[in-house]
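The next block holds one structure in the form of structure tokens; read it before the comments.
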Amino acid sequence: MRDTLRGIVELARLGNCVAAGVLTATGAFVAGASGTALPTALAAATTVFAVAAGNAINDYFDREIDAVNRPDRPIPRGAVSPRGALATAVVWFAVAVAAAVPLPPLAIGIAAVNLVALVTYTSLFKGMPGLGNALVAYLVGSTFLFGGAAVGSPRAVLVLAALSGLSTFAREVIKDVEDVAGDREEGLTTLPIAVGERRALWVGTAALVVAVAASPVPYLSGTFGAAYLAVVAVADAVMLYATHESFVDPAAAQSRFKYGTFLAAAAFVIGRVAVVV
């Protein structure tokens, strides 16, 4: 029983859920609206439970791949049955929908699209070269957009959403390179399998270079000041180094990439705080 409860919690990947909720709240904060605590909290809760449900669905469809790549995950090790994972996902999706209902129409629309994308990612898009990576990139970038829409100011976070999406695409390509063995055994045609690992890494690098090149836009447009530029420069350096490292050690590079992503989000928060103060 204890292992089952632990397995259910592990299905959610709490670290990813909390991180996604924080990104949504960051989008709401950067959007700059005041008196928006309730919609921000509802949007963050929607994101947390939607991501948890999506992760459970992902584990259900990936159970055979995980038996090779991640045998310690709940379904392969027998802590949670495939049917139990599906039931858990349904409950978490229901909570996400309930939290999203009071939000503005645009936010509800984004939530609806994202819920469908989370469900269809593994079953339809994951094995398609580049498309699965692009879908995950959209989902991560849209957390900021969702936060901005929840407080009625989606345009204020468009740049942040785009930068996040491009950097996430690069990280997802690196992850696919790391998982080539299990994906090939399962018959998936991910980008590294379709075009080769090094070529795939160069595609991911190109996406990141575009993001890095665009990152000064909020400073150049006068939206944020020097504090933003200083922090985002560090984030850019971390992510660029991670892409370089990915050609030698994809696993280490993917982990390092996450730090760069959060530093980039922090740059927008710092930029917004500096404007308010």
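Convention: chains lettered A, B, ... in structure tokens order; per-chain residue numbering from 1; ligands numbered from 1 as shown.
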
- Spatial neighbours of Leu106 (chain A), max dist 12 Å, only C-alpha atoms, sep filter under 6 positions, as a list in words: Ala100, Ala112, Val113, Leu145, Phe146, Gly147, Gly148, Ala149, Ala150, Val151, Gly152, Ser153, Pro154 and Arg155 of chain A

Dump of N, CA, C and O atoms for the selected residues, as a PDB file, in the first residue's frame:
```pdb
ATOM      1  N   ALA A 100      -9.842  25.846 -13.657  1.00  0.00           N
ATOM      2  CA  ALA A 100      -9.765  26.756 -14.810  1.00  0.00           C
ATOM      3  C   ALA A 100     -11.081  27.454 -15.113  1.00  0.00           C
ATOM      4  O   ALA A 100     -11.085  28.544 -15.715  1.00  0.00           O
ATOM      5  N   ALA A 112      -7.735  24.570 -22.371  1.00  0.00           N
ATOM      6  CA  ALA A 112      -8.373  23.483 -23.120  1.00  0.00           C
ATOM      7  C   ALA A 112      -7.426  22.920 -24.176  1.00  0.00           C
ATOM      8  O   ALA A 112      -7.288  21.694 -24.316  1.00  0.00           O
ATOM      9  N   VAL A 113      -6.769  23.803 -24.919  1.00  0.00           N
ATOM     10  CA  VAL A 113      -5.810  23.358 -25.939  1.00  0.00           C
ATOM     11  C   VAL A 113      -4.683  22.561 -25.281  1.00  0.00           C
ATOM     12  O   VAL A 113      -4.261  21.507 -25.785  1.00  0.00           O
ATOM     13  N   LEU A 145       2.197  32.292 -20.964  1.00  0.00           N
ATOM     14  CA  LEU A 145       1.077  32.915 -21.669  1.00  0.00           C
ATOM     15  C   LEU A 145      -0.231  32.693 -20.914  1.00  0.00           C
ATOM     16  O   LEU A 145      -1.072  33.599 -20.821  1.00  0.00           O
ATOM     17  N   PHE A 146      -0.405  31.494 -20.371  1.00  0.00           N
ATOM     18  CA  PHE A 146      -1.590  31.169 -19.590  1.00  0.00           C
ATOM     19  C   PHE A 146      -1.688  32.050 -18.353  1.00  0.00           C
ATOM     20  O   PHE A 146      -2.757  32.574 -18.018  1.00  0.00           O
ATOM     21  N   GLY A 147      -0.557  32.255 -17.682  1.00  0.00           N
ATOM     22  CA  GLY A 147      -0.545  33.134 -16.508  1.00  0.00           C
ATOM     23  C   GLY A 147      -0.918  34.556 -16.871  1.00  0.00           C
ATOM     24  O   GLY A 147      -1.712  35.204 -16.184  1.00  0.00           O
ATOM     25  N   GLY A 148      -0.366  35.058 -17.995  1.00  0.00           N
ATOM     26  CA  GLY A 148      -0.721  36.404 -18.428  1.00  0.00           C
ATOM     27  C   GLY A 148      -2.182  36.510 -18.806  1.00  0.00           C
ATOM     28  O   GLY A 148      -2.851  37.502 -18.486  1.00  0.00           O
ATOM     29  N   ALA A 149      -2.715  35.488 -19.501  1.00  0.00           N
ATOM     30  CA  ALA A 149      -4.129  35.496 -19.893  1.00  0.00           C
ATOM     31  C   ALA A 149      -5.044  35.420 -18.683  1.00  0.00           C
ATOM     32  O   ALA A 149      -6.129  36.013 -18.671  1.00  0.00           O
ATOM     33  N   ALA A 150      -4.623  34.708 -17.654  1.00  0.00           N
ATOM     34  CA  ALA A 150      -5.437  34.563 -16.444  1.00  0.00           C
ATOM     35  C   ALA A 150      -5.676  35.900 -15.758  1.00  0.00           C
ATOM     36  O   ALA A 150      -6.715  36.114 -15.126  1.00  0.00           O
ATOM     37  N   VAL A 151      -4.715  36.817 -15.894  1.00  0.00           N
ATOM     38  CA  VAL A 151      -4.865  38.136 -15.278  1.00  0.00           C
ATOM     39  C   VAL A 151      -5.208  39.204 -16.315  1.00  0.00           C
ATOM     40  O   VAL A 151      -5.150  40.399 -16.036  1.00  0.00           O
ATOM     41  N   GLY A 152      -5.531  38.774 -17.537  1.00  0.00           N
ATOM     42  CA  GLY A 152      -6.015  39.706 -18.551  1.00  0.00           C
ATOM     43  C   GLY A 152      -4.956  40.457 -19.326  1.00  0.00           C
ATOM     44  O   GLY A 152      -5.268  41.430 -20.019  1.00  0.00           O
ATOM     45  N   SER A 153      -3.670  40.013 -19.268  1.00  0.00           N
ATOM     46  CA  SER A 153      -2.609  40.734 -19.989  1.00  0.00           C
ATOM     47  C   SER A 153      -1.673  39.773 -20.711  1.00  0.00           C
ATOM     48  O   SER A 153      -0.473  39.710 -20.430  1.00  0.00           O
ATOM     49  N   PRO A 154      -2.186  39.013 -21.661  1.00  0.00           N
ATOM     50  CA  PRO A 154      -1.332  38.008 -22.325  1.00  0.00           C
ATOM     51  C   PRO A 154      -0.215  38.607 -23.179  1.00  0.00           C
ATOM     52  O   PRO A 154       0.851  38.013 -23.311  1.00  0.00           O
ATOM     53  N   ARG A 155      -0.440  39.791 -23.768  1.00  0.00           N
ATOM     54  CA  ARG A 155       0.567  40.373 -24.653  1.00  0.00           C
ATOM     55  C   ARG A 155       1.860  40.699 -23.914  1.00  0.00           C
ATOM     56  O   ARG A 155       2.944  40.682 -24.499  1.00  0.00           O
TER      57      ARG A 155
END
```

- Message: Give me the residues near Val30 (chain A) as JSON, numbers by chain, where near means some atom within 8 Å (using only C-alpha atoms) and where sequence neighbours in that chain fewer than 6 positions away do not count.
- Response: {"A": [148, 156, 157, 268, 269, 272]}

- Item | DSSP helix (DSSP H, G or I) residues within region 62-180 of chain A, listed as a VMD selection string | chain A and resid 63 to 69 74 to 77 82 to 100 105 to 125 131 to 150 154 to 178 180

Write a file of the just-selected residues containing C-alpha atoms, as a CSV table (one decimal), in the first residue's frame.
```csv
chain,number,residue,atom,x,y,z
A,63,ARG,CA,5.3,1.9,-19.9
A,64,GLU,CA,7.2,-0.4,-22.3
A,65,ILE,CA,9.8,2.2,-23.2
A,66,ASP,CA,10.3,3.0,-19.5
A,67,ALA,CA,10.9,-0.7,-18.9
A,68,VAL,CA,14.1,-0.1,-20.8
A,69,ASN,CA,14.9,3.6,-20.1
A,74,PRO,CA,5.9,3.3,-10.9
A,75,ILE,CA,4.4,1.3,-13.7
A,76,PRO,CA,7.4,-0.8,-14.7
A,77,ARG,CA,8.3,-1.6,-11.1
A,82,PRO,CA,-1.6,0.9,-16.0
A,83,ARG,CA,-5.3,1.1,-15.3
A,84,GLY,CA,-4.5,2.8,-11.9
A,85,ALA,CA,-2.3,5.4,-13.7
A,86,LEU,CA,-5.2,6.2,-16.1
A,87,ALA,CA,-7.7,6.6,-13.3
A,88,THR,CA,-5.3,8.9,-11.4
A,89,ALA,CA,-4.8,11.0,-14.5
A,90,VAL,CA,-8.6,11.4,-14.9
A,91,VAL,CA,-9.0,12.7,-11.4
A,92,TRP,CA,-6.2,15.2,-11.8
A,93,PHE,CA,-7.5,16.4,-15.1
A,94,ALA,CA,-10.9,16.9,-13.4
A,95,VAL,CA,-9.3,19.1,-10.7
A,96,ALA,CA,-7.5,21.1,-13.4
A,97,VAL,CA,-10.7,21.7,-15.3
A,98,ALA,CA,-12.5,22.8,-12.1
A,99,ALA,CA,-9.8,25.3,-11.3
A,100,ALA,CA,-9.8,26.8,-14.8
A,105,PRO,CA,-12.3,33.0,-21.7
A,106,LEU,CA,-8.8,33.3,-23.3
A,107,ALA,CA,-7.2,31.5,-20.4
A,108,ILE,CA,-9.8,28.8,-20.5
A,109,GLY,CA,-9.1,28.4,-24.2
A,110,ILE,CA,-5.4,28.0,-23.6
A,111,ALA,CA,-6.1,25.5,-20.9
A,112,ALA,CA,-8.4,23.5,-23.1
A,113,VAL,CA,-5.8,23.4,-25.9
A,114,ASN,CA,-3.1,22.4,-23.5
A,115,LEU,CA,-5.1,19.6,-21.9
A,116,VAL,CA,-5.7,18.1,-25.3
A,117,ALA,CA,-2.0,18.5,-26.2
A,118,LEU,CA,-1.0,16.8,-22.9
A,119,VAL,CA,-3.3,13.8,-23.7
A,120,THR,CA,-2.2,13.4,-27.3
A,121,TYR,CA,1.5,14.1,-26.9
A,122,THR,CA,2.6,10.5,-26.1
A,123,SER,CA,0.0,8.7,-28.2
A,124,LEU,CA,0.3,10.8,-31.3
A,125,PHE,CA,3.2,13.2,-31.5
A,131,LEU,CA,6.8,17.5,-33.8
A,132,GLY,CA,6.8,16.0,-30.3
A,133,ASN,CA,9.7,18.4,-29.3
A,134,ALA,CA,7.8,21.4,-30.7
A,135,LEU,CA,4.6,20.4,-28.8
A,136,VAL,CA,6.5,20.2,-25.5
A,137,ALA,CA,8.2,23.5,-26.3
A,138,TYR,CA,4.7,25.1,-26.9
A,139,LEU,CA,3.4,23.6,-23.6
A,140,VAL,CA,6.2,25.0,-21.6
A,141,GLY,CA,6.1,28.5,-23.2
A,142,SER,CA,2.3,28.6,-22.9
A,143,THR,CA,2.6,28.3,-19.1
A,144,PHE,CA,3.7,32.0,-19.1
A,145,LEU,CA,1.1,32.9,-21.7
A,146,PHE,CA,-1.6,31.2,-19.6
A,147,GLY,CA,-0.5,33.1,-16.5
A,148,GLY,CA,-0.7,36.4,-18.4
A,149,ALA,CA,-4.1,35.5,-19.9
A,150,ALA,CA,-5.4,34.6,-16.4
A,154,PRO,CA,-1.3,38.0,-22.3
A,155,ARG,CA,0.6,40.4,-24.7
A,156,ALA,CA,2.9,41.4,-21.8
A,157,VAL,CA,4.4,37.9,-21.7
A,158,LEU,CA,4.6,37.0,-25.4
A,159,VAL,CA,8.4,37.4,-25.5
A,160,LEU,CA,8.9,35.4,-22.4
A,161,ALA,CA,6.7,32.6,-23.8
A,162,ALA,CA,8.6,32.6,-27.1
A,163,LEU,CA,12.0,32.5,-25.4
A,164,SER,CA,10.9,29.7,-23.1
A,165,GLY,CA,9.5,27.7,-25.9
A,166,LEU,CA,12.6,27.9,-28.1
A,167,SER,CA,15.0,27.0,-25.2
A,168,THR,CA,12.7,24.1,-24.2
A,169,PHE,CA,12.8,22.8,-27.8
A,170,ALA,CA,16.6,22.6,-27.5
A,171,ARG,CA,16.4,20.8,-24.2
A,172,GLU,CA,13.9,18.3,-25.5
A,173,VAL,CA,16.1,17.4,-28.5
A,174,ILE,CA,18.9,16.8,-26.0
A,175,LYS,CA,16.6,14.5,-24.0
A,176,ASP,CA,15.7,12.6,-27.1
A,177,VAL,CA,19.4,12.0,-27.8
A,178,GLU,CA,19.8,10.7,-24.2
A,180,VAL,CA,17.8,7.0,-28.2
```

- Proximity to Val273 (chain A) - best of A:Ala41, A:Ala251, A:Ala53, A:Ala227, only C-alpha atoms: A:Ala227
